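Following: one structure in structure tokens, then a few remarks.
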Amino acid sequence: MPDKSTLEVCLTPGLLPLYPITGKVVVVIDVLRATTTMCVAIDQGADKVIPVETIEECLSYKGKEGYILAGERNGRKVEGFHFGNSPFEFMNGVVKGKTLVLTTTNGTRAIKMAEHSHQVVIGGFLNFSALSKWLISEGRDTLLLCSGWRDKFNLEDTVFAGALIHHIKEYFLVDSDSAFAAEKLYLNSRRNMFHFMKQSSHYRRLAHLGVINDIKYCLRPDLTDVVPVLKNGELVRADIRKDLEGEFFSLNDL
Ligand code: 3SL
């Protein structure tokens, strides 16, 4: 019987240099709101999402046919962009067949930092089961990378990492303090996650901007089957193995 692959958690991008990622799958997590928005955009028919680090890079796509510029700094839409980073902005057909160029404070930066891994994949509660199945079927050493806030730890990404650990750990070798802590945090918060999130600094930031509904939406599990993966610098929908389709986990306890 082959050894199991490893499943680890990196609690902030600032700690990423401590984790070798060559040959590994890296799950980039920015539950509030970047990786949720990416899942929504792909689910809503965007051809691809190009994550970029700077506003200038994003603006270099301005005026290109079929390209939409989106992103935020400190939660606010960047001047001159079509959209900000609220998942609700990417619904109702506005991104269908289009390319979204997105820059966010933490999420797109984390993606760029993980680019040299075997595969970057995008996670949020919205695609929880689909992502879990995809990770199990890949069966590779996997690092869950929490995007945090400006290299600091945050609650929401850690809770999500803990939820993944809890639901898929039997398929992997999990043996680190960060994974243990993330799972405990998830187990402590899962009965009322929205209430728990009220204690996070990003809740306060987003509440100040009047987008509490974004937070509620970002915590809703399994609204989509899309698993965005990074191919040549662009996020596209991963092919899902047919034999793994269908409900796999009971997420009532999320
Ligand atoms: O930091 C990020 O990548 C964003 O998701 C932050 S915000 O929720 O849009 O403020």
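Going through the structure tokens in order, the chains are called A, B, and so on, while each chain numbers its residues from 1 and the ligands are numbered from 1 in the order shown.
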inquiry  = Give me the residues near Thr36 (chain A) as a list in words, where near means some atom within 9 Å (using only C-alpha atoms) and where sequence neighbours in that chain fewer than 5 positions away do not count.
reply    =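 The residues that qualify are Ile29, Asp30, Val31, Ala41, Ser86, Pro87, Ile122, Gly123, Gly124, Phe125, Leu126, Asn127, Tyr217 and Cys218 of chain A.
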For the residues in the current selection, export N, CA, C and O atoms as a PDB file, in the first residue's frame.
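That gives us result-v3.pdb:
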ATOM      1  N   ILE A  29      -6.816  30.041  -0.422  1.00  0.00           N
ATOM      2  CA  ILE A  29      -8.072  30.286   0.308  1.00  0.00           C
ATOM      3  C   ILE A  29      -8.160  31.762   0.666  1.00  0.00           C
ATOM      4  O   ILE A  29      -7.302  32.294   1.371  1.00  0.00           O
ATOM      5  N   ASP A  30      -9.196  32.407   0.160  1.00  0.00           N
ATOM      6  CA  ASP A  30      -9.511  33.776   0.596  1.00  0.00           C
ATOM      7  C   ASP A  30     -11.031  33.877   0.630  1.00  0.00           C
ATOM      8  O   ASP A  30     -11.657  34.490  -0.240  1.00  0.00           O
ATOM      9  N   VAL A  31     -11.581  33.223   1.656  1.00  0.00           N
ATOM     10  CA  VAL A  31     -13.032  33.053   1.739  1.00  0.00           C
ATOM     11  C   VAL A  31     -13.747  34.398   1.613  1.00  0.00           C
ATOM     12  O   VAL A  31     -14.742  34.527   0.898  1.00  0.00           O
ATOM     13  N   ALA A  41     -17.417  33.767 -10.579  1.00  0.00           N
ATOM     14  CA  ALA A  41     -17.170  34.216 -11.957  1.00  0.00           C
ATOM     15  C   ALA A  41     -17.094  33.026 -12.916  1.00  0.00           C
ATOM     16  O   ALA A  41     -17.703  33.029 -13.993  1.00  0.00           O
ATOM     17  N   SER A  86     -17.086  42.106  -4.917  1.00  0.00           N
ATOM     18  CA  SER A  86     -18.260  41.467  -4.312  1.00  0.00           C
ATOM     19  C   SER A  86     -18.734  40.351  -5.229  1.00  0.00           C
ATOM     20  O   SER A  86     -18.929  40.591  -6.433  1.00  0.00           O
ATOM     21  N   PRO A  87     -18.952  39.149  -4.689  1.00  0.00           N
ATOM     22  CA  PRO A  87     -19.414  38.058  -5.571  1.00  0.00           C
ATOM     23  C   PRO A  87     -20.710  38.409  -6.293  1.00  0.00           C
ATOM     24  O   PRO A  87     -20.926  37.961  -7.427  1.00  0.00           O
ATOM     25  N   ILE A 122      -8.377  26.773  -6.403  1.00  0.00           N
ATOM     26  CA  ILE A 122      -9.059  27.832  -5.652  1.00  0.00           C
ATOM     27  C   ILE A 122     -10.171  27.254  -4.790  1.00  0.00           C
ATOM     28  O   ILE A 122     -10.998  26.469  -5.273  1.00  0.00           O
ATOM     29  N   GLY A 123     -10.199  27.673  -3.518  1.00  0.00           N
ATOM     30  CA  GLY A 123     -11.199  27.121  -2.601  1.00  0.00           C
ATOM     31  C   GLY A 123     -11.989  28.168  -1.851  1.00  0.00           C
ATOM     32  O   GLY A 123     -11.493  29.241  -1.514  1.00  0.00           O
ATOM     33  N   GLY A 124     -13.259  27.820  -1.606  1.00  0.00           N
ATOM     34  CA  GLY A 124     -14.143  28.622  -0.766  1.00  0.00           C
ATOM     35  C   GLY A 124     -15.281  27.716  -0.319  1.00  0.00           C
ATOM     36  O   GLY A 124     -15.419  26.600  -0.843  1.00  0.00           O
ATOM     37  N   PHE A 125     -16.090  28.172   0.621  1.00  0.00           N
ATOM     38  CA  PHE A 125     -17.210  27.319   1.043  1.00  0.00           C
ATOM     39  C   PHE A 125     -18.121  26.994  -0.143  1.00  0.00           C
ATOM     40  O   PHE A 125     -18.695  25.915  -0.212  1.00  0.00           O
ATOM     41  N   LEU A 126     -18.222  27.921  -1.074  1.00  0.00           N
ATOM     42  CA  LEU A 126     -19.093  27.746  -2.236  1.00  0.00           C
ATOM     43  C   LEU A 126     -18.792  26.470  -3.021  1.00  0.00           C
ATOM     44  O   LEU A 126     -19.684  25.861  -3.594  1.00  0.00           O
ATOM     45  N   ASN A 127     -17.521  26.088  -3.095  1.00  0.00           N
ATOM     46  CA  ASN A 127     -17.164  24.884  -3.872  1.00  0.00           C
ATOM     47  C   ASN A 127     -16.552  23.797  -2.969  1.00  0.00           C
ATOM     48  O   ASN A 127     -15.744  22.989  -3.423  1.00  0.00           O
ATOM     49  N   TYR A 217     -23.081  35.306   2.176  1.00  0.00           N
ATOM     50  CA  TYR A 217     -23.013  34.520   0.946  1.00  0.00           C
ATOM     51  C   TYR A 217     -21.729  33.688   0.895  1.00  0.00           C
ATOM     52  O   TYR A 217     -21.738  32.512   0.536  1.00  0.00           O
ATOM     53  N   CYS A 218     -20.637  34.307   1.278  1.00  0.00           N
ATOM     54  CA  CYS A 218     -19.328  33.615   1.205  1.00  0.00           C
ATOM     55  C   CYS A 218     -19.248  32.412   2.152  1.00  0.00           C
ATOM     56  O   CYS A 218     -18.372  31.561   1.997  1.00  0.00           O
TER      57      CYS A 218
END
Set out as a Markdown table a contact list for chain A and ligand 1 with a cut-off of 10 Å, giving each residue of chain A that qualifies its closest atom pair and distance in Å to one decimal, counting only C-alpha atoms and all ligand atoms, ordered by chain and rising residue number.
| residue | atom | partner | partner_atom_place_in_ligand_line | distance |
| --- | --- | --- | --- | --- |
| A:Ile29 | CA | ligand 1 | 3 (O) | 9.3 |
| A:Asp30 | CA | ligand 1 | 5 (O) | 5.9 |
| A:Val31 | CA | ligand 1 | 5 (O) | 7.2 |
| A:Leu32 | CA | ligand 1 | 8 (O) | 4.6 |
| A:Arg33 | CA | ligand 1 | 5 (O) | 3.8 |
| A:Ala34 | CA | ligand 1 | 5 (O) | 3.7 |
| A:Thr35 | CA | ligand 1 | 5 (O) | 7.1 |
| A:Thr36 | CA | ligand 1 | 5 (O) | 8.3 |
| A:Thr37 | CA | ligand 1 | 5 (O) | 8.2 |
| A:Met38 | CA | ligand 1 | 5 (O) | 10.0 |
| A:Gly71 | CA | ligand 1 | 9 (O) | 7.3 |
| A:Glu72 | CA | ligand 1 | 9 (O) | 5.6 |
| A:Arg73 | CA | ligand 1 | 10 (O) | 6.8 |
| A:Asn74 | CA | ligand 1 | 10 (O) | 5.3 |
| A:Gly75 | CA | ligand 1 | 10 (O) | 3.1 |
| A:Arg76 | CA | ligand 1 | 10 (O) | 6.8 |
| A:Lys77 | CA | ligand 1 | 9 (O) | 8.3 |
| A:Gly84 | CA | ligand 1 | 9 (O) | 7.5 |
| A:Asn85 | CA | ligand 1 | 9 (O) | 4.9 |
| A:Ser86 | CA | ligand 1 | 9 (O) | 6.8 |
| A:Pro87 | CA | ligand 1 | 9 (O) | 9.4 |
| A:Leu102 | CA | ligand 1 | 3 (O) | 9.6 |
| A:Thr103 | CA | ligand 1 | 3 (O) | 7.6 |
| A:Thr104 | CA | ligand 1 | 3 (O) | 4.2 |
| A:Thr105 | CA | ligand 1 | 1 (O) | 3.9 |
| A:Asn106 | CA | ligand 1 | 1 (O) | 3.7 |
| A:Gly107 | CA | ligand 1 | 3 (O) | 3.6 |
| A:Thr108 | CA | ligand 1 | 3 (O) | 6.0 |
| A:Arg109 | CA | ligand 1 | 3 (O) | 7.5 |
| A:Ala110 | CA | ligand 1 | 3 (O) | 8.4 |
| A:Ile111 | CA | ligand 1 | 3 (O) | 9.9 |
| A:Ser147 | CA | ligand 1 | 3 (O) | 7.3 |
| A:Gly148 | CA | ligand 1 | 1 (O) | 7.6 |
| A:Trp149 | CA | ligand 1 | 1 (O) | 6.4 |
| A:Arg150 | CA | ligand 1 | 1 (O) | 7.9 |
| A:His202 | CA | ligand 1 | 8 (O) | 7.3 |
| A:Tyr203 | CA | ligand 1 | 8 (O) | 8.9 |
| A:Arg205 | CA | ligand 1 | 10 (O) | 7.4 |
| A:Leu206 | CA | ligand 1 | 10 (O) | 6.5 |
| A:Leu209 | CA | ligand 1 | 10 (O) | 9.1 |
| A:Val211 | CA | ligand 1 | 8 (O) | 9.4 |
| A:Asp214 | CA | ligand 1 | 8 (O) | 8.6 |
| A:Ile215 | CA | ligand 1 | 8 (O) | 8.6 |
| A:Cys218 | CA | ligand 1 | 8 (O) | 9.9 |
_Residues near Leu69 (chain A), anyone? I mean within 8 Å using only C-alpha atoms, not counting same-chain ones fewer than 4 positions away, as a list in words._
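The filter keeps Cys58, Leu59, Tyr61, Lys62, Phe81, His82, Phe83, Leu100, Val101 and Leu102 of chain A.
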Close residues, Leu131 (chain A) itself excluded, 12 Å, only C-alpha atoms, min 5 positions apart in chain, as a PyMOL selection string
chain A and resi 25-29+39+120-126+136-138+144+160-161+163-164+167-168+221-229+237-241+244-245+247-249
Just asking: which residues within region 2-236 of chain A are helix (DSSP H, G or I) according to DSSP, as an MDAnalysis selection string? chainID A and resid 13:18 34:43 55:59 87:90 107:113 125:138 155:171 177:197 201:208 212:218
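These are the residues of region 54-165 of chain A assigned strand (DSSP E) by DSSP from backbone coordinates: Tyr67, Ile68, Leu69, Ala70, Gly71, Glu72, Arg73, Arg76, Lys77, Thr99, Leu100, Val101, Leu102, Thr103, Gln119, Val120, Val121, Ile122, Gly123, Thr142, Leu143, Leu144, Leu145 and Cys146 of chain A.
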For the selection just defined, write its residues with C-alpha atoms to a file, as a PDB file, in the first residue's frame.
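After the write, selection12.pdb holds the following:
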ATOM      1  CA  TYR A  67     -11.973  41.831 -20.819  1.00  0.00           C
ATOM      2  CA  ILE A  68     -13.453  43.029 -17.543  1.00  0.00           C
ATOM      3  CA  LEU A  69     -11.288  44.736 -14.926  1.00  0.00           C
ATOM      4  CA  ALA A  70     -12.150  44.058 -11.313  1.00  0.00           C
ATOM      5  CA  GLY A  71     -10.678  44.301  -7.869  1.00  0.00           C
ATOM      6  CA  GLU A  72     -10.370  46.111  -4.601  1.00  0.00           C
ATOM      7  CA  ARG A  73      -7.984  47.727  -2.221  1.00  0.00           C
ATOM      8  CA  ARG A  76     -13.223  49.208  -1.980  1.00  0.00           C
ATOM      9  CA  LYS A  77     -13.558  49.018  -5.752  1.00  0.00           C
ATOM     10  CA  THR A  99     -12.193  37.280 -19.282  1.00  0.00           C
ATOM     11  CA  LEU A 100     -12.030  38.760 -15.818  1.00  0.00           C
ATOM     12  CA  VAL A 101      -8.776  40.417 -14.782  1.00  0.00           C
ATOM     13  CA  LEU A 102      -8.769  40.583 -11.002  1.00  0.00           C
ATOM     14  CA  THR A 103      -6.489  42.137  -8.405  1.00  0.00           C
ATOM     15  CA  GLN A 119      -0.988  23.149  -9.345  1.00  0.00           C
ATOM     16  CA  VAL A 120      -2.796  26.103  -7.780  1.00  0.00           C
ATOM     17  CA  VAL A 121      -6.454  25.458  -7.071  1.00  0.00           C
ATOM     18  CA  ILE A 122      -9.059  27.832  -5.652  1.00  0.00           C
ATOM     19  CA  GLY A 123     -11.199  27.121  -2.601  1.00  0.00           C
ATOM     20  CA  THR A 142      -1.272  19.371  -0.698  1.00  0.00           C
ATOM     21  CA  LEU A 143      -0.775  22.687   1.060  1.00  0.00           C
ATOM     22  CA  LEU A 144      -3.737  24.789   2.158  1.00  0.00           C
ATOM     23  CA  LEU A 145      -2.573  28.398   1.845  1.00  0.00           C
ATOM     24  CA  CYS A 146      -4.585  30.905   3.871  1.00  0.00           C
TER      25      CYS A 146
END
